[in-house]
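Novice: To start, I am sharing the structure in question, which I have written as C-alpha cells.
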Amino acid sequence: MAFNKLIIIPAFNESNNIHHTLTEIRRCADGFDLLVVDDGSSDDTRERAVEAGAEVISLPFNLGIGGAVQAGLMHAHRAGYEYAIRLDADGQHDPEDIHAILKSLQVDDADMVIGSRFIGKNREGYAPRWPRRLGIFYLSAIIFGLTGQRVLDTTSGFCGWNRKGIDLFAQMFPVDFPEPESLVIASRFGLSISEVPVVMRQRYSGKSSINFIRTFYYLFKVSLALFLMTLSRQEGDRHE
Amino acid sequence: MNSQMLTIVLAVLLLVLVIDLVRREKLSFKYAFGWILICVSAIGAAVFKNILFRFAYWLGFELPSNFIFFASLAGITFLSLLLTIFLCQQNHRNDKIAQKLGLLEKKLDDLQGSFKE
C-alpha cells in the first residue's frame with residue numbers, strides 16, 4: 001500500500017484489454033494503488049495485470065461482478081484505504097474521469113459517487129441505445145420510488161466510495177444486480193450519493209455481457225429484486 | 001370450487017413464506033425467483049381454471065386433474081435435476097477452494113522457511 005486511494009478493476013477473461021487499461025490508468029491517475037480482481041479468468045488476465053504493475057487478487061472461480069468488487073472492497077477495508085474507485089477492465093470508462101469522482105468524494109463529502117452518462121454534457125461519448133436508456137431511466141424511477149434517492153445512471157459500473165462506503169460494501173455487496181441494488185443498499189444505510197458526469201467509450205474488444213433482447217426480463221427481475229430488498233431487515237448486523 | 005380456493009390459499013401462503021425467507025436472508029433472490037414464478041403461475045392457473053382445463057384437453061388428458069399431477073411431477077423432476085446441477089457446482093467449487101487453500105498454506109510455509117534461514 002503506497003497510497004491511501006485504491007482503484008479496483010474487476011476482470012474476467014480480459015487479457016486483451018487489461019494491459020492497455022492499466023497503462024492508461026497509470027498515465028492519468030497518479031497517486032492510486034491499482035488492484036485487479038481476477039474473477040476466475042481462464043485466460044492470462046492475471047499474468048498480464050501483474051506485468052502491468054497492478055496488485056492482483058485471483059478468485060478461485062468466477063463469482064460475477066458483485067463478488068469480485070466486494071473482494072476488492074474487502075481488501076480496501078482491511079488495508080485501510082480512504083477512497084476506492086471501481087473501473088471496468090474493458091476500457092469503456094475513461095480514466096480521466098477518476099479525478100472528477102475523487103473530487104466529488106473529497107469536496108462534496110459524498111459517501112458514494114456514481115460516474116453518470118446522463119448528466120452534464122456527454123463529451124462525444126458513447127450513448128446507450130434507446131431501449132437500454134429507457135430501461136435505465138425506468139430503474140431510476142423505481143429506485144426513487146423505493147428509497148427517495150435520485151440517481152440517473154442506475155447501471156453505471158464506474159463509481160467510488162469513501163471510507164464509510166468501503167466499510168459498508170465490504171460487508172454486504174449485492175450479487176444479483178450489483179449496480180442498482182447497491183444504490184438501494186447505500187440509501188438504506190444512509191450513505192450520501194452523488195453523481196458526476198463521465199464519458200463512456202466503446203469497448204476495446206469483446207462484447208457487452210448485457211443482451212438487448214433480454215432487457216425486459218432483466219428489468220422485471222431487477223424491479224422484483226429491488227422491491228424485495230426494501231422489505232428485508234433494516235439493521236446493519238452483518239459483522240461476521 | 002373448494003379445491004380452487006385451497007390451491008390459491010396454499011400458493012399465497014408459499015409466496016408469503018418465500019418472500020419472508022428472502023427478507024430474512026435465508027434465501028437469495030437468484031433462487032427465490034423460480035419459487036415466486038411457480039407461486040404466481042399456480043395462482044393464475046387456479047383463478048383462470050378454464051384455460052387450464054382447455055389446455056389439459058388440448059394436450060390429450062381426459063381429466064384435468066391428471067394433467068395437474070403430471071405437470072407437478074414434471075416440475076419436481078426438473079427442479080431436482082436443477083438442484084443436482086447446483087450441488088455439483090458447489091462440489092466443484094469446494095474442491096477448488098480446498099486446493100487453493102492448500103497451495104496458499106504451502107506458499108506461506110515456504111515464505112516462513114525462507115525467513116528463518
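Chain labels A, B, ... are given in the sequence in which chains occur in the C-alpha cells; within each chain residues are numbered consecutively from 1, and ligands are likewise numbered from 1 in the order shown.
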For segment 6-12 of chain B, list every protein, DNA or RNA residue within 12 Å, evaluated using only C-alpha atoms, and leave out those in the same chain fewer than 5 positions away; present the list as a list in words.

Specialist: Met1, Leu17, Val18, Ile19, Trp35, Ile36, Leu37, Ile38, Cys39, Val40, Ser41, Ala42, Ile43, Gly44, Ala45, Ala46, Val47, Phe48, Lys49 and Ile68 of chain B

Novice: For the selection you just gave me, I'd like the residues written to a file as a PDB file, in the first residue's frame, keeping C-alpha atoms.

Specialist:
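Full text of part-v9.pdb as output:
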```pdb
ATOM      1  CA  MET B   1     -64.652 -24.534  -6.179  1.00  0.00           C
ATOM      2  CA  LEU B  17     -43.151 -17.730   3.027  1.00  0.00           C
ATOM      3  CA  VAL B  18     -40.714 -17.310   0.142  1.00  0.00           C
ATOM      4  CA  ILE B  19     -40.790 -13.525   0.431  1.00  0.00           C
ATOM      5  CA  TRP B  35     -40.346 -20.130  -6.485  1.00  0.00           C
ATOM      6  CA  ILE B  36     -42.063 -16.793  -6.927  1.00  0.00           C
ATOM      7  CA  LEU B  37     -42.814 -17.681 -10.551  1.00  0.00           C
ATOM      8  CA  ILE B  38     -44.210 -21.074  -9.506  1.00  0.00           C
ATOM      9  CA  CYS B  39     -46.494 -19.476  -6.895  1.00  0.00           C
ATOM     10  CA  VAL B  40     -47.747 -16.840  -9.281  1.00  0.00           C
ATOM     11  CA  SER B  41     -48.455 -19.369 -12.039  1.00  0.00           C
ATOM     12  CA  ALA B  42     -50.257 -21.660  -9.573  1.00  0.00           C
ATOM     13  CA  ILE B  43     -52.464 -18.767  -8.525  1.00  0.00           C
ATOM     14  CA  GLY B  44     -53.010 -17.839 -12.164  1.00  0.00           C
ATOM     15  CA  ALA B  45     -53.949 -21.401 -13.106  1.00  0.00           C
ATOM     16  CA  ALA B  46     -56.376 -21.635 -10.185  1.00  0.00           C
ATOM     17  CA  VAL B  47     -58.053 -18.347 -10.995  1.00  0.00           C
ATOM     18  CA  PHE B  48     -58.303 -18.972 -14.731  1.00  0.00           C
ATOM     19  CA  LYS B  49     -59.080 -22.645 -14.427  1.00  0.00           C
ATOM     20  CA  ILE B  68     -52.124 -31.180 -12.878  1.00  0.00           C
TER      21      ILE B  68
END
```

Novice: Among segment 76-173 of chain A, which ones does DSSP assign to strand (DSSP E) (computed from the backbone)? Answer as a list in words.

Specialist: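 The strand (DSSP E) subset of segment 76-173 of chain A is Tyr83, Ala84, Ile85, Arg86, Met112, Val113, Ile114, Gly115, Ser116, Cys159, Gly160, Trp161 and Asn162 of chain A.
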
Novice: Output as an NGL selection string the set of chain B residues within 12 Å of chain A, with distances taken over only C-alpha atoms.

Specialist: :B and (16 or 18-34 or 36-37 or 89-90 or 92-101 or 103-104)

Novice: Apply DSSP to the backbone of this structure and, from segment 130-209 of chain A, keep only the residues in helix (DSSP H, G or I); write these as a tab-separated table (two decimals) with C-alpha atoms, in the first residue's frame.

Specialist:
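Saved the output as selection-v7.tsv:
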```
chain	number	residue	atom	x	y	z
A	130	TRP	CA	-32.79	3.85	-26.57
A	131	PRO	CA	-34.13	0.52	-25.22
A	132	ARG	CA	-31.35	0.41	-22.71
A	133	ARG	CA	-31.61	4.10	-21.94
A	134	LEU	CA	-35.32	3.66	-21.29
A	135	GLY	CA	-34.56	0.72	-19.01
A	136	ILE	CA	-32.00	2.72	-17.05
A	137	PHE	CA	-34.48	5.57	-16.55
A	138	TYR	CA	-37.16	3.09	-15.52
A	139	LEU	CA	-34.81	1.73	-12.84
A	140	SER	CA	-34.08	5.26	-11.80
A	141	ALA	CA	-37.81	5.83	-11.24
A	142	ILE	CA	-38.12	2.55	-9.31
A	143	ILE	CA	-35.21	3.42	-7.06
A	144	PHE	CA	-36.62	6.89	-6.47
A	145	GLY	CA	-39.98	5.35	-5.57
A	146	LEU	CA	-38.49	2.81	-3.20
A	147	THR	CA	-35.88	4.93	-1.48
A	163	ARG	CA	-14.19	5.06	4.00
A	164	LYS	CA	-17.84	4.82	5.05
A	165	GLY	CA	-18.86	3.37	1.68
A	166	ILE	CA	-15.95	0.94	1.68
A	167	ASP	CA	-16.85	-0.31	5.14
A	168	LEU	CA	-20.49	-0.88	4.24
A	169	PHE	CA	-19.93	-2.58	0.89
A	170	ALA	CA	-17.04	-4.69	2.13
A	171	GLN	CA	-19.62	-6.27	4.43
A	178	PRO	CA	-24.89	-5.19	-8.28
A	179	GLU	CA	-25.22	-1.66	-9.66
A	180	PRO	CA	-28.90	-0.81	-9.00
A	181	GLU	CA	-29.04	-2.90	-5.83
A	182	SER	CA	-26.01	-1.20	-4.33
A	183	LEU	CA	-27.80	2.13	-4.75
A	184	VAL	CA	-30.73	0.83	-2.70
A	185	ILE	CA	-28.38	-0.52	-0.03
A	186	ALA	CA	-26.43	2.74	0.07
A	187	SER	CA	-29.51	4.84	0.58
A	188	ARG	CA	-30.96	2.45	3.15
```

Novice: Between atom CA of Asp38 of chain A and atom CA of Phe3 of chain A, what is the distance in Å, rounded to a tenth?

Specialist: 21.4 Å

Novice: How far is it from atom CA of Ile8 of chain A to atom CA of Val196 of chain A, in Å with one decimal?

Specialist: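 Between these atoms lies a distance of 18.4 Å.
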
Novice: What does the distance from atom CA of Ala2 of chain A to atom CA of Ile101 of chain A come to in Å, to one decimal?

Specialist: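 Result for atom CA of Ala2 of chain A versus atom CA of Ile101 of chain A: 20.2 Å, one decimal.
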
Novice: Can you pull out every residue within 12 Å of Asn13 of chain A, counting only C-alpha atoms, but drop anything in the same chain fewer than 6 positions away, and send it as number ranges by chain?

Specialist: A: 36-49, 58, 61-62, 64, 89-90, 205-207

Novice: Which residues, written as a list in words, have at least one atom at most 9 Å from Leu63 of chain B, with only C-alpha atoms counted and residues fewer than 5 positions away on the same chain left out?

Specialist: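 So, after excluding close chain neighbours, the residues are Phe53, Ala56 and Tyr57 of chain B.
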